[in-house]
>>> print(open('final.cif').read())   # mmCIF, C-alpha atoms
data_coords
loop_
_atom_site.group_PDB
_atom_site.id
_atom_site.type_symbol
_atom_site.label_atom_id
_atom_site.label_comp_id
_atom_site.auth_asym_id
_atom_site.auth_seq_id
_atom_site.Cartn_x
_atom_site.Cartn_y
_atom_site.Cartn_z
ATOM 1 C CA LEU A 116 -23.192 0.438 14.299
ATOM 2 C CA LYS A 117 -19.949 -1.448 14.761
ATOM 3 C CA GLN A 118 -20.205 -2.897 11.247
ATOM 4 C CA ILE A 119 -21.008 0.481 9.715
ATOM 5 C CA ILE A 120 -18.043 2.153 11.393
ATOM 6 C CA GLN A 121 -15.712 -0.671 10.461
ATOM 7 C CA SER A 122 -16.869 -0.513 6.826
ATOM 8 C CA PHE A 123 -15.522 3.052 6.686
ATOM 9 C CA ARG A 124 -12.557 2.570 8.995
ATOM 10 C CA PRO A 125 -11.525 -1.116 8.972
ATOM 11 C CA SER A 126 -8.567 -0.416 11.236
ATOM 12 C CA ILE A 127 -10.829 0.402 14.199
ATOM 13 C CA GLN A 128 -10.970 -2.479 16.651
ATOM 14 C CA PHE A 129 -13.844 -2.815 19.115
ATOM 15 C CA ASN A 130 -13.675 -4.459 22.497
ATOM 16 C CA THR A 131 -17.309 -4.446 23.610
ATOM 17 C CA SER A 132 -16.774 -6.740 26.594
ATOM 18 C CA ARG A 133 -16.077 -3.786 28.872
ATOM 19 C CA PHE A 134 -19.372 -2.168 27.863
ATOM 20 C CA LEU A 135 -21.401 -5.289 28.583
ATOM 21 C CA SER A 136 -20.365 -5.389 32.226
ATOM 22 C CA LEU A 137 -22.400 -3.412 34.704
ATOM 23 C CA ASP A 138 -19.896 -4.042 37.479
ATOM 24 C CA PHE A 139 -19.393 -0.316 38.020
ATOM 25 C CA GLN A 140 -22.869 -0.011 39.498
ATOM 26 C CA THR A 141 -22.995 0.500 43.224
ATOM 27 C CA ASP A 142 -26.012 0.092 45.466
ATOM 28 C CA ASP A 143 -26.631 3.823 44.928
ATOM 29 C CA HIS A 144 -26.694 3.331 41.146
ATOM 30 C CA VAL A 145 -29.203 0.521 41.545
ATOM 31 C CA ALA A 146 -31.346 2.620 43.911
ATOM 32 C CA ILE A 147 -31.498 5.481 41.413
ATOM 33 C CA LYS A 148 -32.324 3.060 38.599
ATOM 34 C CA ASP A 149 -35.070 1.422 40.670
ATOM 35 C CA THR A 150 -36.519 4.810 41.633
ATOM 36 C CA LEU A 151 -36.760 5.962 38.013
ATOM 37 C CA LYS A 152 -38.087 2.587 36.862
ATOM 38 C CA LYS A 153 -40.878 2.809 39.459
ATOM 39 C CA ILE A 154 -41.847 6.287 38.228
ATOM 40 C CA ILE A 155 -41.803 5.095 34.619
ATOM 41 C CA ASP A 156 -43.927 2.053 35.457
ATOM 42 C CA ASN A 157 -46.448 3.905 37.648
ATOM 43 C CA SER A 158 -46.607 7.494 36.426
ATOM 44 C CA ILE A 159 -45.646 7.363 32.740
ATOM 45 C CA ASN A 160 -46.168 4.089 30.891
ATOM 46 C CA PRO A 161 -49.823 3.569 31.922
ATOM 47 C CA PHE A 162 -50.710 6.986 30.458
ATOM 48 C CA VAL A 163 -48.627 7.215 27.285
ATOM 49 C CA GLU A 164 -51.436 6.274 24.895
ATOM 50 C CA GLN A 165 -53.809 8.772 26.508
ATOM 51 C CA TRP A 166 -51.217 11.537 26.344
ATOM 52 C CA GLU A 167 -50.450 10.695 22.731
ATOM 53 C CA ALA A 168 -54.152 10.899 21.858
ATOM 54 C CA GLU A 169 -54.461 14.230 23.681
ATOM 55 C CA LYS A 170 -51.129 15.460 22.219
ATOM 56 C CA ILE A 171 -49.985 16.589 25.651
ATOM 57 C CA PHE A 172 -48.336 15.263 28.775
ATOM 58 C CA PRO A 173 -48.359 16.685 32.309
ATOM 59 C CA ALA A 174 -44.845 18.083 32.194
ATOM 60 C CA HIS A 175 -45.155 20.169 35.355
ATOM 61 C CA LYS A 176 -46.406 17.189 37.360
ATOM 62 C CA LEU A 177 -43.803 14.759 35.999
ATOM 63 C CA PHE A 178 -40.882 17.146 36.392
ATOM 64 C CA LYS A 179 -41.985 17.820 39.978
ATOM 65 C CA GLU A 180 -42.158 14.075 40.678
ATOM 66 C CA LEU A 181 -38.751 13.468 39.101
ATOM 67 C CA GLY A 182 -37.261 16.398 41.015
ATOM 68 C CA ASN A 183 -38.741 15.268 44.321
ATOM 69 C CA ALA A 184 -37.205 11.836 43.685
ATOM 70 C CA GLY A 185 -33.786 13.459 43.199
ATOM 71 C CA LEU A 186 -33.572 12.536 39.522
ATOM 72 C CA LEU A 187 -33.045 16.020 38.078
ATOM 73 C CA GLY A 188 -29.699 17.753 38.401
ATOM 74 C CA ILE A 189 -27.896 14.708 39.720
ATOM 75 C CA MET A 190 -24.544 15.981 38.468
ATOM 76 C CA LYS A 191 -25.069 19.540 39.691
ATOM 77 C CA GLU A 192 -23.422 20.815 42.830
ATOM 78 C CA PRO A 193 -25.401 20.392 46.069
ATOM 79 C CA GLU A 194 -25.253 24.132 46.762
ATOM 80 C CA TYR A 195 -27.423 24.575 43.655
ATOM 81 C CA GLY A 196 -29.854 21.830 44.616
ATOM 82 C CA GLY A 197 -28.135 18.971 42.807
ATOM 83 C CA LEU A 198 -26.741 15.738 44.157
ATOM 84 C CA GLY A 199 -23.140 16.273 43.026
ATOM 85 C CA LEU A 200 -22.860 12.784 41.543
ATOM 86 C CA ASP A 201 -20.611 11.728 38.678
ATOM 87 C CA PHE A 202 -21.483 10.914 35.068
ATOM 88 C CA SER A 203 -21.939 7.203 35.778
ATOM 89 C CA TYR A 204 -25.223 8.035 37.511
ATOM 90 C CA ASN A 205 -26.374 9.975 34.477
ATOM 91 C CA ALA A 206 -25.517 6.942 32.335
ATOM 92 C CA VAL A 207 -27.674 4.733 34.562
ATOM 93 C CA ILE A 208 -30.585 7.175 34.312
ATOM 94 C CA THR A 209 -30.219 7.415 30.538
ATOM 95 C CA GLU A 210 -30.237 3.637 30.246
ATOM 96 C CA THR A 211 -33.269 3.322 32.531
ATOM 97 C CA TRP A 212 -35.278 5.727 30.361
ATOM 98 C CA GLY A 213 -35.215 2.907 27.815
ATOM 99 C CA HIS A 214 -38.041 1.310 29.825
ATOM 100 C CA SER A 215 -40.346 4.171 28.875
ATOM 101 C CA ASN A 216 -43.011 3.481 26.239
ATOM 102 C CA CYS A 217 -42.376 6.849 24.616
ATOM 103 C CA LEU A 218 -39.442 8.921 23.465
ATOM 104 C CA GLY A 219 -40.803 12.414 24.035
ATOM 105 C CA ILE A 220 -40.686 12.449 27.821
ATOM 106 C CA PRO A 221 -37.094 11.196 28.156
ATOM 107 C CA MET A 222 -36.088 13.734 25.510
ATOM 108 C CA ALA A 223 -37.886 16.554 27.353
ATOM 109 C CA VAL A 224 -36.091 15.595 30.560
ATOM 110 C CA ALA A 225 -32.722 15.330 28.795
ATOM 111 C CA VAL A 226 -33.136 18.755 27.217
ATOM 112 C CA GLN A 227 -33.632 20.235 30.673
ATOM 113 C CA THR A 228 -31.007 18.231 32.569
ATOM 114 C CA ASP A 229 -28.290 17.913 29.930
ATOM 115 C CA MET A 230 -28.743 21.013 27.780
ATOM 116 C CA ALA A 231 -30.519 23.865 29.565
ATOM 117 C CA THR A 232 -29.320 23.307 33.119
ATOM 118 C CA PRO A 233 -25.591 23.041 32.252
ATOM 119 C CA ALA A 234 -25.780 26.362 30.412
ATOM 120 C CA LEU A 235 -27.574 28.003 33.327
ATOM 121 C CA SER A 236 -25.125 26.605 35.860
ATOM 122 C CA MET A 237 -22.289 28.474 34.167
ATOM 123 C CA PHE A 238 -23.666 31.843 35.284
#
>>> encode(input="final.cif", output="structure tokens")
Amino acid sequence: LKQIIQSFRPSIQFNTSRFLSLDFQTDDHVAIKDTLKKIIDNSINPFVEQWEAEKIFPAHKLFKELGNAGLLGIMKEPEYGGLGLDFSYNAVITETWGHSNCLGIPMAVAVQTDMATPALSMF
């Protein structure tokens, strides 16, 4: 991506060293990452091939599990059931979804947490 962008705009300089450091992560960031990774490893990855063959996944069950683990609405205000955390936690969750053996489930979750819920929270 860096090479593509620089081919169009050679004046753009990239300093990727700040992006390679995960020093911003606190113990809470690591706990959230570990919680999601455990769900991915135990409740998602072992079943991906079966769900693909059946052309379905248990959305209600998975969303309930993710919600019970505190992984949905992390940036929403506590009075609305969220955790009130900042965007860095969302970045950690987004990165952790990379451990999933499918793209559909992380996308389904992102649509709910980063598209639908923000619109609903405005009213």
>>> residues_around(input="final.cif", residues="stretch 174-183 of chain A", least_positions_apart="6", cutoff="12 Å", atoms="only C-alpha atoms", output="NGL selection string")
:A and (147 or 150-155 or 157-159 or 162 or 166 or 189 or 196-198 or 208 or 219-225 or 227-228)
>>> write_last_selection(input="final.cif", atoms="C-alpha atoms", output="tab-separated table (two decimals), keeping the file's coordinate frame")
chain	number	residue	atom	x	y	z
A	147	ILE	CA	-31.50	5.48	41.41
A	150	THR	CA	-36.52	4.81	41.63
A	151	LEU	CA	-36.76	5.96	38.01
A	152	LYS	CA	-38.09	2.59	36.86
A	153	LYS	CA	-40.88	2.81	39.46
A	154	ILE	CA	-41.85	6.29	38.23
A	155	ILE	CA	-41.80	5.10	34.62
A	157	ASN	CA	-46.45	3.90	37.65
A	158	SER	CA	-46.61	7.49	36.43
A	159	ILE	CA	-45.65	7.36	32.74
A	162	PHE	CA	-50.71	6.99	30.46
A	166	TRP	CA	-51.22	11.54	26.34
A	189	ILE	CA	-27.90	14.71	39.72
A	196	GLY	CA	-29.85	21.83	44.62
A	197	GLY	CA	-28.14	18.97	42.81
A	198	LEU	CA	-26.74	15.74	44.16
A	208	ILE	CA	-30.58	7.18	34.31
A	219	GLY	CA	-40.80	12.41	24.04
A	220	ILE	CA	-40.69	12.45	27.82
A	221	PRO	CA	-37.09	11.20	28.16
A	222	MET	CA	-36.09	13.73	25.51
A	223	ALA	CA	-37.89	16.55	27.35
A	224	VAL	CA	-36.09	15.60	30.56
A	225	ALA	CA	-32.72	15.33	28.80
A	227	GLN	CA	-33.63	20.24	30.67
A	228	THR	CA	-31.01	18.23	32.57
>>> residues_around(input="final.cif", residues="A:Met190", least_positions_apart="6", cutoff="12 Å", atoms="all atoms listed in the file", output="list in words")
Gly196, Gly197, Leu198, Gly199, Leu200, Asp201, Phe202, Ser203, Tyr204, Asn205, Ala206, Ile208, Thr228, Asp229, Thr232, Pro233 and Ser236 of chain A
>>> atom_distance(input="final.cif", atom1="atom CA of A:Ala146", atom2="atom CA of A:Trp212")
14.4 Å
>>> atom_distance(input="final.cif", atom1="atom CA of A:Glu167", atom2="atom CA of A:Cys217")
9.1 Å
>>> atom_distance(input="final.cif", atom1="atom CA of A:Leu235", atom2="atom CA of A:Leu218")
24.5 Å
>>> build_atoms(input="final.cif", residues="stretch 164-175 of chain A", atoms="all heavy atoms", output="compact mmCIF listing (two decimals), in the frame of the given file")
# COMPACT_ATOMS: atom_id res chain seq x y z
N GLU A 164 -50.46 6.27 25.99
CA GLU A 164 -51.44 6.27 24.90
C GLU A 164 -52.44 7.42 25.05
O GLU A 164 -52.79 8.08 24.06
CB GLU A 164 -52.15 4.93 24.82
CG GLU A 164 -51.25 3.83 24.29
CD GLU A 164 -51.98 2.51 24.10
OE1 GLU A 164 -53.19 2.54 23.81
OE2 GLU A 164 -51.33 1.47 24.25
N GLN A 165 -52.88 7.66 26.26
CA GLN A 165 -53.81 8.77 26.51
C GLN A 165 -53.15 10.11 26.17
O GLN A 165 -53.75 10.95 25.50
CB GLN A 165 -54.25 8.77 27.97
CG GLN A 165 -55.10 9.97 28.37
CD GLN A 165 -55.32 10.04 29.88
OE1 GLN A 165 -55.13 9.06 30.59
NE2 GLN A 165 -55.71 11.20 30.35
N TRP A 166 -51.92 10.29 26.62
CA TRP A 166 -51.22 11.54 26.34
C TRP A 166 -50.97 11.71 24.85
O TRP A 166 -51.06 12.83 24.34
CB TRP A 166 -49.90 11.60 27.11
CG TRP A 166 -50.06 11.60 28.60
CD1 TRP A 166 -51.17 11.98 29.33
CD2 TRP A 166 -49.09 11.19 29.56
NE1 TRP A 166 -50.92 11.83 30.66
CE2 TRP A 166 -49.66 11.35 30.84
CE3 TRP A 166 -47.79 10.70 29.47
CZ2 TRP A 166 -48.97 11.06 32.01
CZ3 TRP A 166 -47.11 10.41 30.62
CH2 TRP A 166 -47.69 10.58 31.88
N GLU A 167 -50.65 10.63 24.18
CA GLU A 167 -50.45 10.70 22.73
C GLU A 167 -51.74 11.12 22.04
O GLU A 167 -51.72 11.97 21.14
CB GLU A 167 -49.98 9.34 22.18
CG GLU A 167 -48.58 8.96 22.59
CD GLU A 167 -47.51 9.73 21.84
OE1 GLU A 167 -47.77 10.20 20.72
OE2 GLU A 167 -46.40 9.86 22.40
N ALA A 168 -52.87 10.55 22.46
CA ALA A 168 -54.15 10.90 21.86
C ALA A 168 -54.51 12.36 22.11
O ALA A 168 -55.05 13.05 21.24
CB ALA A 168 -55.26 9.99 22.39
N GLU A 169 -54.17 12.84 23.32
CA GLU A 169 -54.46 14.23 23.68
C GLU A 169 -53.39 15.20 23.20
O GLU A 169 -53.55 16.42 23.33
CB GLU A 169 -54.62 14.34 25.20
CG GLU A 169 -55.80 13.55 25.74
CD GLU A 169 -55.85 13.52 27.26
OE1 GLU A 169 -54.93 14.08 27.92
OE2 GLU A 169 -56.80 12.92 27.79
N LYS A 170 -52.27 14.66 22.69
CA LYS A 170 -51.13 15.46 22.22
C LYS A 170 -50.58 16.39 23.30
O LYS A 170 -50.24 17.56 23.05
CB LYS A 170 -51.51 16.25 20.96
CG LYS A 170 -51.87 15.37 19.80
CD LYS A 170 -52.20 16.21 18.59
CE LYS A 170 -52.64 15.45 17.49
NZ LYS A 170 -52.70 14.67 16.66
N ILE A 171 -50.49 15.83 24.50
CA ILE A 171 -49.98 16.59 25.65
C ILE A 171 -49.53 15.60 26.72
O ILE A 171 -49.96 14.45 26.73
CB ILE A 171 -51.07 17.54 26.20
CG1 ILE A 171 -50.47 18.53 27.18
CG2 ILE A 171 -52.22 16.77 26.82
CD1 ILE A 171 -51.40 19.68 27.54
N PHE A 172 -48.65 16.05 27.58
CA PHE A 172 -48.34 15.26 28.78
C PHE A 172 -48.17 16.24 29.94
O PHE A 172 -47.85 17.41 29.73
CB PHE A 172 -47.09 14.38 28.57
CG PHE A 172 -45.77 15.10 28.65
CD1 PHE A 172 -45.03 15.08 29.82
CD2 PHE A 172 -45.26 15.76 27.55
CE1 PHE A 172 -43.81 15.72 29.89
CE2 PHE A 172 -44.03 16.40 27.61
CZ PHE A 172 -43.30 16.38 28.79
N PRO A 173 -48.41 15.78 31.15
CA PRO A 173 -48.36 16.68 32.31
C PRO A 173 -46.92 16.98 32.74
O PRO A 173 -46.43 16.45 33.74
CB PRO A 173 -49.13 15.91 33.38
CG PRO A 173 -48.91 14.49 33.04
CD PRO A 173 -48.84 14.44 31.54
N ALA A 174 -46.26 17.81 31.96
CA ALA A 174 -44.84 18.08 32.19
C ALA A 174 -44.59 18.62 33.60
O ALA A 174 -43.66 18.17 34.28
CB ALA A 174 -44.33 19.05 31.14
N HIS A 175 -45.39 19.58 34.04
CA HIS A 175 -45.16 20.17 35.35
C HIS A 175 -45.24 19.11 36.45
O HIS A 175 -44.41 19.07 37.36
CB HIS A 175 -46.15 21.30 35.63
CG HIS A 175 -45.88 22.52 34.82
ND1 HIS A 175 -46.51 22.75 33.61
CD2 HIS A 175 -45.04 23.55 35.01
CE1 HIS A 175 -46.06 23.88 33.11
NE2 HIS A 175 -45.16 24.39 33.93
